[in-house]
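*Asks:* Sharing my_file.cif, mmCIF, C-alpha atoms:
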data_structure
#
loop_
_atom_site.group_PDB
_atom_site.id
_atom_site.type_symbol
_atom_site.label_atom_id
_atom_site.label_comp_id
_atom_site.auth_asym_id
_atom_site.auth_seq_id
_atom_site.Cartn_x
_atom_site.Cartn_y
_atom_site.Cartn_z
ATOM 1 C CA GLN I 901 71.713 188.321 137.678
ATOM 2 C CA GLN I 902 68.640 190.360 138.516
ATOM 3 C CA GLN I 903 66.046 187.906 139.795
ATOM 4 C CA VAL I 904 63.228 190.458 139.790
ATOM 5 C CA LYS I 905 62.967 192.904 136.892
ATOM 6 C CA GLN I 906 61.164 196.201 137.516
ATOM 7 C CA SER I 907 59.953 198.942 135.187
ATOM 8 C CA PRO I 908 59.805 201.811 134.594
ATOM 9 C CA GLN I 909 62.888 203.277 136.246
ATOM 10 C CA SER I 910 61.086 206.581 136.757
ATOM 11 C CA LEU I 911 57.501 207.735 136.448
ATOM 12 C CA ILE I 912 55.843 211.142 136.467
ATOM 13 C CA VAL I 913 52.091 211.274 137.071
ATOM 14 C CA GLN I 914 49.640 214.107 137.521
ATOM 15 C CA LYS I 915 47.798 214.397 140.824
ATOM 16 C CA GLY I 916 44.684 212.231 140.688
ATOM 17 C CA GLY I 917 46.112 209.952 138.024
ATOM 18 C CA ILE I 918 46.957 206.263 138.180
ATOM 19 C CA SER I 919 50.561 205.166 138.734
ATOM 20 C CA ILE I 920 51.479 201.701 137.457
ATOM 21 C CA ILE I 921 54.738 199.905 138.208
ATOM 22 C CA ASN I 922 55.510 196.482 136.787
ATOM 23 C CA CYS I 923 57.687 193.592 137.949
ATOM 24 C CA ALA I 924 58.565 190.221 136.461
ATOM 25 C CA TYR I 925 60.372 187.156 137.773
ATOM 26 C CA GLU I 926 61.534 183.758 136.559
ATOM 27 C CA ASN I 927 62.077 181.724 139.730
ATOM 28 C CA THR I 928 58.978 179.590 140.271
ATOM 29 C CA ALA I 929 60.012 179.062 143.891
ATOM 30 C CA PHE I 930 58.997 182.659 144.645
ATOM 31 C CA ASP I 931 55.698 182.674 146.468
ATOM 32 C CA TYR I 932 55.472 185.964 148.339
ATOM 33 C CA PHE I 933 55.645 189.347 146.639
ATOM 34 C CA PRO I 934 55.872 192.514 148.758
ATOM 35 C CA TRP I 935 56.099 196.124 147.653
ATOM 36 C CA TYR I 936 58.127 198.671 149.571
ATOM 37 C CA GLN I 937 57.901 202.465 149.593
ATOM 38 C CA GLN I 938 61.002 204.469 150.420
ATOM 39 C CA PHE I 939 61.255 208.198 151.036
ATOM 40 C CA PRO I 940 64.640 209.948 150.753
ATOM 41 C CA GLY I 941 66.854 209.320 153.772
ATOM 42 C CA LYS I 942 64.471 206.722 155.229
ATOM 43 C CA GLY I 943 64.360 202.933 155.281
ATOM 44 C CA PRO I 944 61.959 201.070 152.988
ATOM 45 C CA ALA I 945 58.488 200.511 154.456
ATOM 46 C CA LEU I 946 56.299 197.539 153.623
ATOM 47 C CA LEU I 947 53.355 198.850 151.605
ATOM 48 C CA ILE I 948 51.356 195.854 150.448
ATOM 49 C CA ALA I 949 52.068 192.221 149.605
ATOM 50 C CA ILE I 950 50.463 189.329 147.750
ATOM 51 C CA ARG I 951 50.709 185.550 147.568
ATOM 52 C CA PRO I 952 50.182 183.742 144.260
ATOM 53 C CA ASP I 953 46.924 182.099 145.273
ATOM 54 C CA VAL I 954 45.084 185.378 144.561
ATOM 55 C CA SER I 955 45.145 187.544 141.420
ATOM 56 C CA GLU I 956 44.544 190.884 143.102
ATOM 57 C CA LYS I 957 44.873 192.523 146.471
ATOM 58 C CA LYS I 958 43.654 195.986 147.341
ATOM 59 C CA GLU I 959 44.480 198.166 150.318
ATOM 60 C CA GLY I 960 43.066 201.658 150.096
ATOM 61 C CA ARG I 961 44.437 203.348 146.980
ATOM 62 C CA PHE I 962 47.062 200.632 146.450
ATOM 63 C CA THR I 963 46.346 197.479 144.430
ATOM 64 C CA ILE I 964 48.616 194.594 143.450
ATOM 65 C CA SER I 965 47.673 192.640 140.336
ATOM 66 C CA PHE I 966 49.299 189.231 139.989
ATOM 67 C CA ASN I 967 49.572 187.051 136.885
ATOM 68 C CA LYS I 968 51.018 183.710 137.924
ATOM 69 C CA SER I 969 51.228 182.199 134.419
ATOM 70 C CA ALA I 970 53.096 185.226 133.076
ATOM 71 C CA LYS I 971 55.202 185.516 136.268
ATOM 72 C CA GLN I 972 54.369 189.200 136.473
ATOM 73 C CA PHE I 973 52.923 191.458 139.119
ATOM 74 C CA SER I 974 52.210 195.154 139.246
ATOM 75 C CA LEU I 975 51.415 197.929 141.690
ATOM 76 C CA HIS I 976 48.625 200.361 140.888
ATOM 77 C CA ILE I 977 48.301 203.588 142.848
ATOM 78 C CA MET I 978 44.891 205.117 142.275
ATOM 79 C CA ASP I 979 44.227 208.844 142.732
ATOM 80 C CA SER I 980 47.968 209.471 143.047
ATOM 81 C CA GLN I 981 48.932 212.251 145.449
ATOM 82 C CA PRO I 982 52.096 214.380 145.779
ATOM 83 C CA GLY I 983 52.714 212.587 149.102
ATOM 84 C CA ASP I 984 53.074 209.338 147.145
ATOM 85 C CA SER I 985 56.253 210.699 145.549
ATOM 86 C CA ALA I 986 58.867 208.158 146.609
ATOM 87 C CA THR I 987 60.881 205.226 145.322
ATOM 88 C CA TYR I 988 58.998 201.943 145.068
ATOM 89 C CA PHE I 989 60.654 198.527 145.146
ATOM 90 C CA CYS I 990 59.017 195.250 144.324
ATOM 91 C CA ALA I 991 60.471 192.139 145.913
ATOM 92 C CA ALA I 992 60.051 188.390 146.045
ATOM 93 C CA THR I 993 60.896 185.692 148.513
ATOM 94 C CA PRO I 994 61.012 181.935 147.889
ATOM 95 C CA ASN I 995 59.159 179.181 149.713
ATOM 96 C CA THR I 996 62.326 178.202 151.561
ATOM 97 C CA GLY I 997 65.097 180.239 153.082
ATOM 98 C CA ASN I 998 65.026 183.775 154.366
ATOM 99 C CA GLN I 999 66.284 185.940 151.530
ATOM 100 C CA PHE I 1000 64.453 188.750 149.756
ATOM 101 C CA TYR I 1001 65.135 189.644 146.124
ATOM 102 C CA PHE I 1002 64.484 193.268 145.175
ATOM 103 C CA GLY I 1003 63.628 194.910 141.902
ATOM 104 C CA THR I 1004 65.726 197.847 140.748
ATOM 105 C CA GLY I 1005 63.252 200.464 141.954
ATOM 106 C CA THR I 1006 60.936 203.067 140.420
ATOM 107 C CA SER I 1007 61.183 206.735 141.292
ATOM 108 C CA LEU I 1008 57.641 208.129 141.287
ATOM 109 C CA THR I 1009 56.944 211.850 141.102
ATOM 110 C CA VAL I 1010 53.355 213.054 141.429
ATOM 111 C CA ILE I 1011 52.907 216.567 140.095
ATOM 112 C CA PRO I 1012 50.320 218.772 141.852
ATOM 113 C CA ASP V 1311 55.699 197.620 168.556
ATOM 114 C CA THR V 1312 56.744 197.128 164.917
ATOM 115 C CA GLU V 1313 59.907 199.158 165.098
ATOM 116 C CA VAL V 1314 63.479 198.457 164.167
ATOM 117 C CA THR V 1315 65.858 201.037 165.611
ATOM 118 C CA GLN V 1316 69.333 201.856 164.366
ATOM 119 C CA THR V 1317 72.093 203.941 165.864
ATOM 120 C CA PRO V 1318 73.782 206.171 165.019
ATOM 121 C CA LYS V 1319 71.707 207.983 162.361
ATOM 122 C CA HIS V 1320 74.821 209.455 160.786
ATOM 123 C CA LEU V 1321 78.465 208.421 160.990
ATOM 124 C CA VAL V 1322 81.564 209.981 159.495
ATOM 125 C CA MET V 1323 84.723 207.961 159.828
ATOM 126 C CA GLY V 1324 88.235 207.962 158.479
ATOM 127 C CA MET V 1325 89.732 205.011 156.684
ATOM 128 C CA THR V 1326 91.747 203.974 159.746
ATOM 129 C CA ASN V 1327 88.919 204.181 162.257
ATOM 130 C CA LYS V 1328 86.987 201.381 163.929
ATOM 131 C CA LYS V 1329 83.305 201.963 164.527
ATOM 132 C CA SER V 1330 80.144 199.932 165.051
ATOM 133 C CA LEU V 1331 76.558 200.194 163.866
ATOM 134 C CA LYS V 1332 73.804 198.957 166.138
ATOM 135 C CA CYS V 1333 70.358 197.580 165.359
ATOM 136 C CA GLU V 1334 67.630 196.553 167.790
ATOM 137 C CA GLN V 1335 64.150 195.053 167.512
ATOM 138 C CA HIS V 1336 61.751 193.788 170.156
ATOM 139 C CA MET V 1337 59.218 192.099 167.929
ATOM 140 C CA GLY V 1338 60.506 188.597 168.574
ATOM 141 C CA HIS V 1339 61.774 188.272 165.013
ATOM 142 C CA ARG V 1340 64.421 185.580 164.597
ATOM 143 C CA ALA V 1341 65.749 186.642 161.170
ATOM 144 C CA MET V 1342 67.834 189.807 161.036
ATOM 145 C CA TYR V 1343 69.567 191.399 158.068
ATOM 146 C CA TRP V 1344 72.176 193.965 157.125
ATOM 147 C CA TYR V 1345 71.826 195.718 153.790
ATOM 148 C CA LYS V 1346 73.911 198.351 152.033
ATOM 149 C CA GLN V 1347 72.082 200.857 149.863
ATOM 150 C CA LYS V 1348 73.583 203.314 147.418
ATOM 151 C CA ALA V 1349 71.595 206.271 146.113
ATOM 152 C CA LYS V 1350 68.786 205.331 143.725
ATOM 153 C CA LYS V 1351 69.602 201.613 144.027
ATOM 154 C CA PRO V 1352 67.803 198.745 145.771
ATOM 155 C CA PRO V 1353 69.069 197.448 149.099
ATOM 156 C CA GLU V 1354 71.994 195.087 148.591
ATOM 157 C CA LEU V 1355 72.080 192.141 150.974
ATOM 158 C CA MET V 1356 75.188 191.804 153.113
ATOM 159 C CA PHE V 1357 74.402 189.371 155.953
ATOM 160 C CA VAL V 1358 71.504 187.341 157.293
ATOM 161 C CA TYR V 1359 71.239 185.975 160.802
ATOM 162 C CA SER V 1360 68.716 183.245 161.480
ATOM 163 C CA TYR V 1361 68.128 182.331 165.130
ATOM 164 C CA GLU V 1362 71.299 184.230 166.058
ATOM 165 C CA LYS V 1363 73.437 182.217 163.638
ATOM 166 C CA LEU V 1364 74.990 183.693 160.490
ATOM 167 C CA SER V 1365 73.168 182.011 157.622
ATOM 168 C CA ILE V 1366 74.107 184.187 154.639
ATOM 169 C CA ASN V 1367 77.263 186.176 153.943
ATOM 170 C CA GLU V 1368 77.075 187.676 150.477
ATOM 171 C CA SER V 1369 80.863 187.709 149.928
ATOM 172 C CA VAL V 1370 81.215 190.890 151.953
ATOM 173 C CA PRO V 1371 84.786 192.148 152.512
ATOM 174 C CA SER V 1372 86.241 191.284 155.923
ATOM 175 C CA ARG V 1373 86.397 194.980 156.862
ATOM 176 C CA PHE V 1374 82.694 194.472 157.684
ATOM 177 C CA SER V 1375 82.143 192.130 160.621
ATOM 178 C CA PRO V 1376 78.631 191.276 161.817
ATOM 179 C CA GLU V 1377 77.679 190.165 165.287
ATOM 180 C CA CYS V 1378 74.393 188.983 166.788
ATOM 181 C CA PRO V 1379 74.777 189.032 170.593
ATOM 182 C CA ASN V 1380 71.158 188.015 171.238
ATOM 183 C CA SER V 1381 67.825 187.670 169.470
ATOM 184 C CA SER V 1382 67.096 191.417 169.697
ATOM 185 C CA LEU V 1383 70.439 192.933 168.773
ATOM 186 C CA LEU V 1384 72.536 193.069 165.640
ATOM 187 C CA ASN V 1385 75.835 194.879 165.282
ATOM 188 C CA LEU V 1386 78.010 195.670 162.289
ATOM 189 C CA HIS V 1387 81.642 196.342 163.128
ATOM 190 C CA LEU V 1388 83.530 198.505 160.678
ATOM 191 C CA HIS V 1389 87.306 198.687 160.253
ATOM 192 C CA ALA V 1390 89.605 200.156 157.605
ATOM 193 C CA LEU V 1391 86.748 201.124 155.310
ATOM 194 C CA GLN V 1392 87.164 202.646 151.880
ATOM 195 C CA PRO V 1393 85.431 205.768 150.519
ATOM 196 C CA GLU V 1394 83.317 203.548 148.235
ATOM 197 C CA ASP V 1395 81.786 202.002 151.369
ATOM 198 C CA SER V 1396 79.928 205.271 151.966
ATOM 199 C CA ALA V 1397 76.225 204.392 151.796
ATOM 200 C CA LEU V 1398 73.023 203.993 153.781
ATOM 201 C CA TYR V 1399 73.272 200.870 155.932
ATOM 202 C CA LEU V 1400 69.932 199.306 156.662
ATOM 203 C CA CYS V 1401 68.996 196.766 159.257
ATOM 204 C CA ALA V 1402 65.858 194.680 158.859
ATOM 205 C CA SER V 1403 64.081 191.890 160.671
ATOM 206 C CA SER V 1404 61.498 189.281 159.760
ATOM 207 C CA PRO V 1405 59.192 187.005 161.676
ATOM 208 C CA THR V 1406 59.868 183.382 160.835
ATOM 209 C CA PRO V 1407 56.661 181.340 161.203
ATOM 210 C CA SER V 1408 57.377 177.762 160.252
ATOM 211 C CA GLY V 1409 60.967 178.675 159.444
ATOM 212 C CA ARG V 1410 60.374 180.919 156.423
ATOM 213 C CA VAL V 1411 60.033 184.670 156.071
ATOM 214 C CA TYR V 1412 57.276 186.889 154.762
ATOM 215 C CA GLU V 1413 57.147 190.473 155.970
ATOM 216 C CA GLN V 1414 60.407 192.334 156.423
ATOM 217 C CA TYR V 1415 60.671 195.439 158.578
ATOM 218 C CA PHE V 1416 63.430 197.944 157.982
ATOM 219 C CA GLY V 1417 65.056 200.393 160.331
ATOM 220 C CA PRO V 1418 65.677 204.022 159.311
ATOM 221 C CA GLY V 1419 69.280 203.309 158.408
ATOM 222 C CA THR V 1420 72.679 204.738 159.281
ATOM 223 C CA ARG V 1421 74.114 207.175 156.753
ATOM 224 C CA LEU V 1422 77.834 206.330 156.645
ATOM 225 C CA THR V 1423 80.447 208.593 155.104
ATOM 226 C CA VAL V 1424 84.038 207.377 154.842
ATOM 227 C CA THR V 1425 86.609 210.146 154.381
#
As structure tokens - that is how I would like this structure written.
*Replies:*
Amino acid sequence: QQQVKQSPQSLIVQKGGISIINCAYENTAFDYFPWYQQFPGKGPALLIAIRPDVSEKKEGRFTISFNKSAKQFSLHIMDSQPGDSATYFCAATPNTGNQFYFGTGTSLTVIP
Amino acid sequence: DTEVTQTPKHLVMGMTNKKSLKCEQHMGHRAMYWYKQKAKKPPELMFVYSYEKLSINESVPSRFSPECPNSSLLNLHLHALQPEDSALYLCASSPTPSGRVYEQYFGPGTRLTVT
């Protein structure tokens, strides 16, 4: 059972455009939501993360929007660049324990 | 230093071989993880060590044997693997303030091919 659902599976965006990736969860015990960026042949790298006490967090061109009542969160990449082409995973971790639950991933391609 | 290192980077082994993967971190993290990742899929949890004790084993076949010799090192011993075990094996670590985890830091992975 997939605890974190992620969409779309793949995304193609023009350079300068906005990339949007969405995730949804059901487990109300989740209270920390990181996003990871993974380039081919590399390990995932922590990109940005949010806790449910805020509705938005911005770091540079990357913004997480969080809707606690809908149990949804999304990653927005503003002014997308070809160097942003990678696979993005959302994840969630509960308020107890030490396990991370990953979404299925989104392959982003930014066309020059 | 926010680095998790893994050796070797690449490994090719036959189905009768015994080999080991090594992971090291010096960030003082007390939670360490092994994941298996197939192409275009999310990391799949295999084992979690918390304060050097195995806390999660996700029903991994016994041909994979984890070991945590100390708080900085994590090994994965491999024996009699199958071709379908070919994958990227990722190690990760997390700080554990107040006993729970937030950030997770991944190593670069070991690309394993079983022939």
*Asks:* If we count all atoms listed in the file, which residues of chain V reach to within 7 Å of chain I? Please list them as a PDB file with C-alpha atoms, in the frame of the given file.
*Replies:*
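Ended up saving to result.pdb:
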ATOM      1  CA  LYS V1351      69.602 201.613 144.027  1.00  0.00           C
ATOM      2  CA  PRO V1352      67.803 198.745 145.771  1.00  0.00           C
ATOM      3  CA  LEU V1400      69.932 199.306 156.662  1.00  0.00           C
ATOM      4  CA  ARG V1410      60.374 180.919 156.423  1.00  0.00           C
ATOM      5  CA  VAL V1411      60.033 184.670 156.071  1.00  0.00           C
ATOM      6  CA  TYR V1412      57.276 186.889 154.762  1.00  0.00           C
ATOM      7  CA  TYR V1415      60.671 195.439 158.578  1.00  0.00           C
ATOM      8  CA  PHE V1416      63.430 197.944 157.982  1.00  0.00           C
ATOM      9  CA  GLY V1417      65.056 200.393 160.331  1.00  0.00           C
ATOM     10  CA  PRO V1418      65.677 204.022 159.311  1.00  0.00           C
ATOM     11  CA  GLY V1419      69.280 203.309 158.408  1.00  0.00           C
TER      12      GLY V1419
END
*Asks:* Specify as a compact mmCIF listing (two decimals) with C-alpha atoms, in the coordinates of the input each residue included when the PyMOL selection byres ((chain I and resi 1008) around 7) is applied to this file.
*Replies:*
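Generated file (expr23.txt):
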# COMPACT_ATOMS: atom_id res chain seq x y z
CA SER I 910 61.09 206.58 136.76
CA LEU I 911 57.50 207.74 136.45
CA ILE I 912 55.84 211.14 136.47
CA SER I 985 56.25 210.70 145.55
CA ALA I 986 58.87 208.16 146.61
CA THR I 987 60.88 205.23 145.32
CA THR I 1006 60.94 203.07 140.42
CA SER I 1007 61.18 206.74 141.29
CA THR I 1009 56.94 211.85 141.10
CA VAL I 1010 53.36 213.05 141.43
*Asks:* Tell me, in Å to one decimal, how far atom CA of Ser969 of chain I is from atom CA of Ala929 of chain I.
*Replies:*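 It comes out at 13.3 Å.
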*Asks:* Just to confirm, what's the straight-line distance from atom CA of Asn1327 of chain V to atom CA of Thr1425 of chain V in Å (one decimal)?
*Replies:* 10.1 Å
*Asks:* Would you kindly translate the PyMOL selection byres ((chain I and resi 965) around 6) into the concrete residues it picks from this file, as a short mmCIF file (atom, residue, chain, number, x, y, z; two decimals) with C-alpha atoms, in the frame of the given file?
*Replies:*
data_model
loop_
_atom_site.label_atom_id
_atom_site.label_comp_id
_atom_site.auth_asym_id
_atom_site.auth_seq_id
_atom_site.Cartn_x
_atom_site.Cartn_y
_atom_site.Cartn_z
CA SER I 955 45.14 187.54 141.42
CA GLU I 956 44.54 190.88 143.10
CA ILE I 964 48.62 194.59 143.45
CA PHE I 966 49.30 189.23 139.99
CA PHE I 973 52.92 191.46 139.12
CA SER I 974 52.21 195.15 139.25
#
